[in-house]
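The structure file protein.txt is reproduced below (compact mmCIF, C-alpha atoms).
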```
# COMPACT_ATOMS: atom_id res chain seq x y z
CA MET V 23 45.51 134.04 233.96
CA LYS V 24 48.84 134.14 232.17
CA ARG V 25 48.21 137.70 230.98
CA ARG V 26 47.44 138.79 234.53
CA VAL V 27 50.65 137.20 235.78
CA LEU V 28 52.65 138.88 233.05
CA ALA V 29 51.00 142.19 233.84
CA LEU V 30 51.94 141.84 237.49
CA VAL V 31 55.52 140.91 236.73
CA LEU V 32 55.74 143.80 234.30
CA ALA V 33 54.23 146.20 236.84
CA LEU V 34 56.75 145.11 239.45
CA THR V 35 59.61 145.34 236.98
CA LEU V 36 58.51 148.81 235.92
CA ALA V 37 58.15 149.96 239.51
CA LEU V 38 61.60 148.74 240.35
CA SER V 39 63.02 150.28 237.22
CA MET V 40 61.72 153.67 238.30
CA CYS V 41 63.75 153.25 241.45
CA ALA V 42 66.74 152.17 239.38
CA VAL V 43 66.59 155.25 237.17
CA ALA V 44 66.17 157.61 240.12
CA GLN V 45 69.07 156.01 241.98
CA ALA V 46 71.19 154.97 238.97
CA LYS V 47 70.98 151.39 240.20
CA THR V 48 70.91 148.07 238.40
CA ILE V 49 67.95 145.82 239.24
CA SER V 50 69.03 142.40 240.43
CA PHE V 51 67.08 139.15 240.16
CA LEU V 52 67.80 136.01 242.19
CA SER V 53 66.02 133.07 240.66
CA ILE V 54 65.66 129.32 240.83
CA TRP V 55 64.84 129.36 237.10
CA ALA V 56 67.49 129.73 234.43
CA GLU V 57 67.18 133.05 232.62
CA ASP V 58 66.46 131.28 229.33
CA TYR V 59 63.78 128.93 230.67
CA ASP V 60 60.32 129.09 232.25
CA ASN V 61 59.69 131.98 234.67
CA GLY V 62 63.30 133.13 234.38
CA LYS V 63 62.76 133.67 230.67
CA ILE V 64 59.64 135.72 231.37
CA LEU V 65 61.58 138.01 233.72
CA THR V 66 64.50 138.30 231.32
CA ASP V 67 62.33 138.96 228.26
CA LEU V 68 60.23 141.58 230.05
CA SER V 69 63.36 143.30 231.31
CA LYS V 70 64.90 143.33 227.84
CA GLN V 71 61.66 144.62 226.33
CA TYR V 72 61.46 147.39 228.91
CA LYS V 73 65.05 148.39 228.19
CA GLU V 74 64.46 148.44 224.42
CA GLU V 75 61.08 150.16 224.42
CA VAL V 76 61.07 152.41 227.47
CA ASN V 77 64.41 153.05 229.13
CA PRO V 78 67.70 152.29 227.38
CA ASP V 79 69.56 153.09 230.63
CA PHE V 80 67.76 150.30 232.48
CA GLU V 81 70.10 147.48 233.53
CA PHE V 82 69.45 144.17 235.23
CA GLU V 83 71.50 141.32 236.65
CA PHE V 84 70.23 137.77 236.83
CA GLU V 85 71.63 135.26 239.32
CA LEU V 86 70.65 131.61 239.29
CA VAL V 87 70.66 129.60 242.51
CA SER V 88 69.53 126.01 243.01
CA SER V 89 66.24 125.59 244.84
CA ASP V 90 68.09 123.53 247.47
CA ASN V 91 70.30 126.51 248.33
CA LEU V 92 67.71 129.28 247.98
CA GLN V 93 66.74 129.69 251.65
CA GLN V 94 70.35 129.71 252.80
CA LYS V 95 71.36 132.17 250.06
CA VAL V 96 68.50 134.57 250.87
CA ALA V 97 69.17 134.33 254.63
CA THR V 98 72.84 135.14 254.08
CA LEU V 99 72.02 138.07 251.79
CA ALA V 100 69.39 139.38 254.22
CA VAL V 101 71.76 139.36 257.18
CA SER V 102 74.44 141.13 255.15
CA ASN V 103 71.86 143.71 253.94
CA ASP V 104 72.50 142.67 250.34
CA LEU V 105 69.19 141.19 249.21
CA PRO V 106 68.48 141.41 245.47
CA ASP V 107 65.67 143.67 244.28
CA VAL V 108 63.54 140.73 243.11
CA PHE V 109 63.89 137.09 244.13
CA ALA V 110 62.06 133.80 244.01
CA TYR V 111 61.22 132.43 247.42
CA GLU V 112 58.96 129.90 249.07
CA SER V 113 55.62 131.20 250.32
CA GLY V 114 54.46 130.47 253.83
CA THR V 115 56.67 130.08 256.88
CA PRO V 116 60.02 130.88 255.20
CA LEU V 117 58.59 134.12 253.79
CA LYS V 118 57.01 135.02 257.14
CA THR V 119 60.47 135.36 258.69
CA LEU V 120 61.49 137.86 256.01
CA ILE V 121 58.25 139.81 256.53
CA GLU V 122 58.72 139.96 260.31
CA ASN V 123 62.25 141.32 259.84
CA ASP V 124 61.07 143.90 257.29
CA TYR V 125 63.20 142.46 254.47
CA VAL V 126 60.47 142.28 251.82
CA LEU V 127 58.14 144.77 250.20
CA ASN V 128 54.45 144.84 251.01
CA VAL V 129 53.34 143.97 247.47
CA SER V 130 49.69 144.84 248.17
CA GLU V 131 50.65 148.44 248.96
CA ALA V 132 52.93 148.67 245.91
CA LEU V 133 50.23 147.32 243.59
CA ARG V 134 47.69 149.77 245.04
CA GLU V 135 50.10 152.67 244.45
CA LEU V 136 50.54 151.53 240.83
CA GLY V 137 46.79 151.16 240.39
CA VAL V 138 47.03 147.50 239.33
CA ASP V 139 45.94 145.72 242.51
CA ASN V 140 42.73 144.65 240.74
CA LEU V 141 44.78 142.43 238.40
CA VAL V 142 45.64 139.89 241.10
CA ASP V 143 43.45 136.79 240.90
CA ALA V 144 41.27 136.69 244.03
CA GLY V 145 41.93 132.98 244.58
CA ALA V 146 45.68 133.42 244.33
CA TYR V 147 45.51 136.43 246.67
CA ALA V 148 43.51 134.52 249.28
CA PHE V 149 45.77 131.48 249.03
CA LEU V 150 49.04 133.41 249.35
CA THR V 151 47.85 135.57 252.25
CA SER V 152 46.54 132.49 254.08
CA LEU V 153 49.99 130.87 253.83
CA ILE V 154 51.62 133.76 255.69
CA GLY V 155 48.69 134.77 257.90
CA THR V 156 48.47 138.39 256.75
CA GLU V 157 45.90 140.45 254.90
CA ASP V 158 48.54 141.76 252.49
CA LEU V 159 50.57 140.08 249.78
CA TYR V 160 54.32 139.92 250.11
CA ASP V 161 54.87 137.75 247.05
CA LEU V 162 53.31 137.50 243.63
CA PRO V 163 51.63 134.45 242.15
CA LEU V 164 53.42 133.17 239.09
CA GLY V 165 50.61 130.83 238.21
CA LEU V 166 48.05 128.51 239.65
CA ASN V 167 48.65 124.83 239.13
CA ILE V 168 45.92 122.48 238.05
CA GLU V 169 46.02 119.04 239.58
CA GLY V 170 44.75 116.06 237.63
CA PHE V 171 42.72 113.30 239.21
CA TRP V 172 42.09 110.02 237.44
CA TYR V 173 39.69 107.34 238.49
CA ASN V 174 38.63 103.87 237.48
CA ARG V 175 35.23 104.28 235.77
CA ARG V 176 34.26 100.69 236.50
CA CYS V 177 34.63 101.32 240.24
CA SER V 178 33.11 104.78 240.29
CA SER V 179 30.03 103.68 238.32
CA ARG V 180 29.11 101.29 241.13
CA PRO V 181 26.01 102.57 243.02
CA ALA V 182 26.89 103.87 246.48
CA SER V 183 24.48 101.37 248.03
CA ARG V 184 26.53 98.40 246.73
CA PRO V 185 29.31 97.20 249.03
CA LEU V 186 32.93 97.49 247.98
CA PRO V 187 34.35 94.52 246.07
CA PRO V 188 36.28 91.93 248.10
CA PRO V 189 39.80 92.91 249.18
CA GLY V 190 42.49 92.11 246.63
CA THR V 191 40.54 93.10 243.56
CA SER V 192 41.65 96.11 241.54
CA CYS V 193 38.47 98.08 242.35
CA SER V 194 38.83 97.58 246.09
CA ARG V 195 42.44 98.81 245.99
CA THR V 196 41.36 101.88 244.03
CA ALA V 197 38.31 102.57 246.18
CA ARG V 198 40.18 102.22 249.47
CA SER V 199 43.29 104.26 248.54
```

Here is the file; what I need is its structure written in the form of structure tokens.
Amino acid sequence: MKRRVLALVLALTLALSMCAVAQAKTISFLSIWAEDYDNGKILTDLSKQYKEEVNPDFEFEFELVSSDNLQQKVATLAVSNDLPDVFAYESGTPLKTLIENDYVLNVSEALRELGVDNLVDAGAYAFLTSLIGTEDLYDLPLGLNIEGFWYNRRCSSRPASRPLPPPGTSCSRTARS
């Protein structure tokens, strides 16, 4: 999965860089991740690698914003027609507003044009499109989280036909919560 995500980020970065070369423009990133940590590091490293290996004229700017201020920052930039080329944003309802106002790229179309639309995980695609109620992607999955569930073996090994233990015991609290 991680390779697919990296391939998608790279494809997007490369697509944007083609625009940057044609228009002599610097690509800008607005992120909730520091450029030397987590997903911010992935974007920064891929951009540096692209500059070193493919296009020495490629430039990028990285701006960090707190997740608490992200929606306000993006709304302000959108209204002033100054959105960055790539930005982190919350899927679902907040993104829907940007889609309706034609502020964000139809990522499905862009991936099809690049010939890499088959690299998007089907589950991630379905999940992200269901959040915004469209058939097309307008954001890219950066990963799928795995949730852990733990249970009390003593309680779960009890046959279903046996009644729950009396209230107040540890198994009844676990079984009823």

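Checking V:Ser152, V:Ser69, V:Gln93, V:Asn123 one by one against Phe109 in chain V, counting only C-alpha atoms, you find the shortest gap at V:Gln93.
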
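Of note, CA of Asp158 in chain V and CA of Val129 in chain V are spaced 7.3 Å apart.
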
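Here CA of Ala146 in chain V is placed at a distance of 21.6 Å from CA of Glu122 in chain V.
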
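If all atoms listed in the file are the atoms counted, then among V:Lys63, V:Glu135, V:Ile121, V:Ser102 the closest residue to Thr156 in chain V is V:Ile121.
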
Next item on the list: Would you mind telling me which residue in V:Ala132, V:Ala148, V:Leu141, V:Val96 lies nearest to Leu52 in chain V when using all atoms listed in the file?
Entry: V:Val96

Next item on the list: Find the spatial neighbours of Gln71 in chain V, counting only C-alpha atoms, within a cut-off of 12 Å - ignore same-chain residues fewer than 3 positions away - and output them as a PyMOL selection string.
Entry: chain V and resi 32+35-36+63-68+74-78+80-82

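Distance-wise, CA of Ile154 in chain V and CA of Lys118 in chain V end up 5.7 Å apart.
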
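Among V:Gly137, V:Glu85, V:Asp124, V:Ser113, the residue with the shortest atom-to-atom distance to Phe149 in chain V, counting all atoms listed in the file, is V:Ser113.
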
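Counting all atoms listed in the file, the residue from V:Thr115, V:Asn103, V:Glu57, V:Leu162 that sits nearest to Leu127 in chain V is V:Leu162.
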